[in-house]
Number of protein chains: 2
Amino acid sequence: MAEKLRVIPLGGLGEIGKNMMLLEYGEDMIAIDAGLMFPQEEMLGIDLVIPDVSYIEERRHKFKAIFITHGHEDHTGGLPYVLRRVQAPIYCTPLTNGLISVKLKEHKLLDSTDLRTILPGESVQIGVFRVQPFSVAHSVPDSVGFAIRTPVGIVIHTGDFKLDHTPVMGQLTDLSRLAELGKEGVLLLLADSTYAEVPGYTPSERVVGEALGQIMHTSPGRVIVATFASLISRVQQVVDGAAATNRKVFVTGRSMMDNVQMARDRGYLSFPREMTLNVNDLKNTPPEQVVIITTGSQGEPTSALTRMANGDHQHVQVIPGDTVVLSASPIPGNESSVSRTIDNLFRLGARVLYNRIADVHVRGHAAQEELKIVQALVKPKFFVPVHGEYRHMVLHAQLAQQMGVAKDNAMVLVDGDVLELDGESAVVHQQAVQADYVYVDGLGVGDVDHIVLRDRQHLATDGMVAVILALDKQTGRIIGRPDVVSRGVTSIEESDELLERTKDVVVASMEGADHIVEWAMVNQTVKEAVANFLYREVHRRPMILPVAFEV
Amino acid sequence: MAEKLRVIPLGGLGEIGKNMMLLEYGEDMIAIDAGLMFPQEEMLGIDLVIPDVSYIEERRHKFKAIFITHGHEDHTGGLPYVLRRVQAPIYCTPLTNGLISVKLKEHKLLDSTDLRTILPGESVQIGVFRVQPFSVAHSVPDSVGFAIRTPVGIVIHTGDFKLDHTPVMGQLTDLSRLAELGKEGVLLLLADSTYAEVPGYTPSERVVGEALGQIMHTSPGRVIVATFASLISRVQQVVDGAAATNRKVFVTGRSMMDNVQMARDRGYLSFPREMTLNVNDLKNTPPEQVVIITTGSQGEPTSALTRMANGDHQHVQVIPGDTVVLSASPIPGNESSVSRTIDNLFRLGARVLYNRIADVHVRGHAAQEELKIVQALVKPKFFVPVHGEYRHMVLHAQLAQQMGVAKDNAMVLVDGDVLELDGESAVVHQQAVQADYVYVDGLGVGDVDHIVLRDRQHLATDGMVAVILALDKQTGRIIGRPDVVSRGVTSIEESDELLERTKDVVVASMEGADHIVEWAMVNQTVKEAVANFLYREVHRRPMILPVAFEV
């Protein structure tokens, strides 16, 4: 039987592999991207979610390379964790290389990693795969998609893209290359679905540059611009606007400082030294000559902008007369923290401009008309939507069908599905591969599971009550009065009477307990008695933790 | 010294009194609305947030009436709690009366409440205040604002409103009345700021009716429409669409069933009995003849639509061929749960239509051009924005200034501020009145405070570790080996080695502890030792709870 190409999405919150996509054929396996996801609300205490690479680990001898489409966290942020479990050379464009270097250095992994540069138009042979990047326009420069020649046909992965015809750094989505490949015949297209629910076209980055320039021109005082640290082209727009309005630039926020430094060193940012303000300059420069570039556009609790909004940034105190620009839109899940940051800045008397009231941000992803153009050029035999919530992928698959992909050939996958292709057919094996959430919490990677999260959820909602009993080693009888400690329940903490009655309930539940020799049974008995009592009394269901001492 | 009018916002998440606004003059005090707020993310385990009525309680002899603008939760939901602390007759329009009755009945407060009906154009004298409702268009019928004649001048409170010139149930915002009042001279305008950041006009409800009709006409199977239970006009649009497309209607979700029943009984809903489907009919009716109206448009965990999306609704199983319409937009804070519900419905194979991809909802609040019209007609001397986040109120105050209100006369207040007016001047006394968050958690009202929430947050993020010690009564020395129990921390739960080392740390920390007689000191010593150890080992900071037994 002939070999087949296996396409496997890994990681990405139950959705298809925004974070990591595997291609496997015979003895060769490559990955595209290795991203992370930010935790959802109910993932209490979790810092990050990364892809599960067990499948690769079990086949590490096959694993030949990781190709990175662009330098955003959701495509590169998993690398420090993935590289601790499986190694392979990483191929990416120069700016992406720089952004990854900053990250790997932080994790002390830079020296041990084989990080290689590849340019659009170049190609590299990895086992049976011949991989060639092509330029795409996105909200970070040097973004690419990949055309991958496999023994069964050409696979195209767009990465994140849009069709910006007037991008800031001159990088267009290479429609001609897509047309050529389409003409040659494309077996499978994997394309960005993030904005598949949005009709029409995504506006050009140029719109934002004009808006930022106008704001710097008309603002009477300092202008503080918050954006993503990886959005180097936006930083360039701010620097250009500052130059045009005779302002100098102060950069704050660790990741912004690191990335600006790197992009300057590598020639990706034209930012003359004499335009830079240091901390001392900042104090002594008239406000109308100052621009501040900062992290914190997502209202992240410890970011520079959030500190400013809370009045505890070390160097920048926001005052009336300041104009603050949030040059970003909230990532789903961050709406509340962004909203709070904006309100706090208004409270300090600043003028605040954000995406709902000014053209200070454009999306980085293609809307429906752009997605149709790509379908029209590539004319793939099979189509798999990638990147986006489940609904976006369904809508994108429908769009592909409207554009001519056969109904059964547009397939929505989820993590762990295996799509097997020969030149003619494509079959989905559902959840054939382990692709769980891997939670990162502090230094722990993968040690937090659903049970721990359920416990945290329980503690968060209803608090906890510990019941401490001294038991007679011989009889199993309770000795003295039990102790009860609670946190996060309130009714008990604040009512001695309820506390004493809870103890009474414990004692009563243990009556005749000299028959009970099993701790599991004591535990269960006390737990139920206290839980029922508290629900009856105060309608709450705290976590009950009986602890016994044998004396 | 002459008396002054005092205007005091109470409750509303640190924002101005969306929930409750007091007017006080001499020996008379009235309130407008008594709403609730839904908890923000960080308010763990909290069900509702209600206004703090301590100020009213201390002046209960003065408190003469509560006027309700309309029947939405954020304007009426606090009533069951407020009425347990202070009593006064409630004045509202007939449908609002009906919606409040349903709520008070649930809380067993209907019989003890003096609920009165008042119609637009009628007026009532309450002490020095003469109060007259005027019609406004909003997303629930029978909405009103109030014109209040006081000894120092006319005060207008718009309630929630928009200018819908083709509303579903024929109710327009009474611009003529506002013009008359403006001509007479208005001292103070309090107006809805919710959409003050949105340029232009809010579309008419009619747009939604047309879209719903079209969807029912073209859908091959069942149509399931989720909306707010109080949005009676939307229910009417669905019933009308069903009638026009030869479909019958099944209603599900407790609050939806209650409200539909009430609105039918009071003639606010034209919904013929023969169009109703019961559970048995539902099974036996062809899908193309079925419409289901349901709660759950906000993805609330126990709502009917969420149950359908999770595949555990008692009567409705969503299947391919079904069309689900979310005829609502997510309330800020609900974005994630709405998004999850939509994705789950897509997973079941349904076609899902929601505000981003179809005209199935319009906002209930005025946008900027509408707000300008109200300013132009009312021409108030003083202006206070109400309803909305802080940023919305700032933008609304700026809009009022553009429309001619003197700069210092447009004032953004926060809860607990007291605005004192005579006919000429207005002075703000900042946070002069107690107006804290009052949290409702289960049966507890107001017993959860910031400390409890901080504890819950701590438990949620890092879990807890209880350390149980037996201490010698005489020497204070530790007896035997301590016990350690943890939940939500994971590293300890899963590592016996770490558990034993934690116990070692406890023992070590107590060495030489025969000097320690104070439990507080033992407590502190153990807490610090364990906290430092765990942070060093696993970078986590669980809540540490030492418990000692004296033996």
# chains A, B, ... in the order shown; residues from 1 in each chain; ligands from 1
call {"tool": "residues_around", "arguments": {"residues": "A:Ala196", "least_positions_apart": "5", "cutoff": "9 Å", "atoms": "only C-alpha atoms", "output": "list in words"}}
result
His365, Ala366, Ala367, Gln368, Leu371, Gly388, Arg391, His392, Met393, Val394, Leu395, His396 and Leu399 of chain A
call {"tool": "residues_around", "arguments": {"residues": "stretch 41-51 of chain A", "least_positions_apart": "5", "cutoff": "8 Å", "atoms": "only C-alpha atoms", "output": "PyMOL selection string"}}
result
(chain A and resi 10-13+19-20+34-36+78+81-82+333+435-442+453+456-457) or (chain B and resi 336+460-462)
call {"tool": "write_last_selection", "arguments": {"atoms": "N, CA and C atoms", "output": "tab-separated table (two decimals), in the first residue's frame"}}
result
chain	number	residue	atom	x	y	z
A	10	LEU	N	-2.27	20.17	16.17
A	10	LEU	CA	-2.02	19.94	17.60
A	10	LEU	C	-2.25	21.24	18.37
A	11	GLY	N	-2.89	21.17	19.54
A	11	GLY	CA	-2.96	22.34	20.42
A	11	GLY	C	-3.81	23.45	19.87
A	12	GLY	N	-4.36	24.27	20.74
A	12	GLY	CA	-5.16	25.42	20.31
A	12	GLY	C	-6.54	25.40	20.91
A	13	LEU	N	-6.66	25.04	22.18
A	13	LEU	CA	-7.91	25.15	22.92
A	13	LEU	C	-9.05	24.38	22.30
A	19	ASN	N	-1.86	26.66	16.69
A	19	ASN	CA	-0.58	26.68	17.37
A	19	ASN	C	0.46	25.78	16.74
A	20	MET	N	0.03	24.69	16.15
A	20	MET	CA	1.02	23.76	15.63
A	20	MET	C	0.33	22.82	14.65
A	34	ALA	N	4.63	26.86	16.37
A	34	ALA	CA	4.60	26.23	17.70
A	34	ALA	C	4.16	27.32	18.67
A	35	GLY	N	2.87	27.60	18.64
A	35	GLY	CA	2.35	28.77	19.36
A	35	GLY	C	1.82	28.43	20.73
A	36	LEU	N	1.35	29.46	21.41
A	36	LEU	CA	0.68	29.23	22.68
A	36	LEU	C	-0.68	29.91	22.61
A	78	GLY	N	5.02	28.77	22.00
A	78	GLY	CA	5.17	27.42	22.52
A	78	GLY	C	6.59	26.88	22.38
A	81	TYR	N	8.83	25.67	25.29
A	81	TYR	CA	8.35	24.46	25.95
A	81	TYR	C	8.53	23.25	25.03
A	82	VAL	N	8.18	23.43	23.76
A	82	VAL	CA	8.31	22.34	22.79
A	82	VAL	C	9.77	21.91	22.67
A	333	GLY	N	-11.54	37.68	25.27
A	333	GLY	CA	-11.19	37.30	26.63
A	333	GLY	C	-10.58	38.45	27.42
A	435	ALA	N	-3.88	15.11	21.77
A	435	ALA	CA	-3.66	16.55	21.60
A	435	ALA	C	-4.45	17.27	22.68
A	436	ASP	N	-4.01	17.06	23.94
A	436	ASP	CA	-4.70	17.68	25.06
A	436	ASP	C	-4.23	19.11	25.28
A	437	TYR	N	-4.92	19.80	26.18
A	437	TYR	CA	-4.39	21.09	26.63
A	437	TYR	C	-3.19	20.80	27.52
A	438	VAL	N	-2.11	21.50	27.33
A	438	VAL	CA	-1.01	21.44	28.29
A	438	VAL	C	-0.94	22.80	28.97
A	439	TYR	N	-1.21	22.82	30.28
A	439	TYR	CA	-1.26	24.08	31.01
A	439	TYR	C	0.09	24.43	31.59
A	440	VAL	N	0.47	25.68	31.48
A	440	VAL	CA	1.69	26.16	32.13
A	440	VAL	C	1.26	27.04	33.30
A	441	ASP	N	1.74	26.67	34.51
A	441	ASP	CA	1.39	27.42	35.71
A	441	ASP	C	2.69	27.62	36.50
A	442	GLY	N	3.19	28.82	36.51
A	442	GLY	CA	4.47	29.08	37.17
A	442	GLY	C	5.54	28.25	36.49
A	453	LEU	N	-8.03	22.11	38.08
A	453	LEU	CA	-8.80	23.28	37.66
A	453	LEU	C	-10.20	23.25	38.26
A	456	ARG	N	-9.88	24.37	41.78
A	456	ARG	CA	-9.70	25.83	41.86
A	456	ARG	C	-11.02	26.55	41.63
A	457	GLN	N	-11.78	26.04	40.66
A	457	GLN	CA	-13.08	26.64	40.35
A	457	GLN	C	-13.99	26.57	41.57
B	336	SER	N	-17.11	35.67	26.28
B	336	SER	CA	-16.56	34.31	26.19
B	336	SER	C	-17.65	33.25	26.25
B	460	ALA	N	-8.38	30.64	44.03
B	460	ALA	CA	-8.63	30.32	42.62
B	460	ALA	C	-7.34	30.25	41.84
B	461	THR	N	-6.41	31.13	42.14
B	461	THR	CA	-5.20	31.23	41.34
B	461	THR	C	-4.17	30.19	41.75
B	462	ASP	N	-4.06	29.96	43.05
B	462	ASP	CA	-2.95	29.15	43.53
B	462	ASP	C	-3.35	27.99	44.42
call {"tool": "closest_residue", "arguments": {"among": "A:Gly241, A:Gly299, A:Gly444, A:Pro380", "to": "chain B", "atoms": "only C-alpha atoms"}}
result
A:Gly444
call {"tool": "select_by_dssp", "arguments": {"residues": "stretch 18-100 of chain B", "states": "helix (DSSP H, G or I)", "output": "list in words"}}
result
Ser54, Tyr55, Ile56, Glu57, Arg60, His61, Lys62, Glu73, Asp74, His75, Thr76, Leu79, Pro80, Tyr81, Val82, Leu83, Arg84, Arg85, Pro94, Leu95, Thr96, Asn97, Gly98, Leu99 and Ile100 of chain B
call {"tool": "closest_residue", "arguments": {"among": "B:His217, B:Ile118, B:Asn334, B:Val291", "to": "B:Phe38", "atoms": "only C-alpha atoms"}}
result
B:Asn334
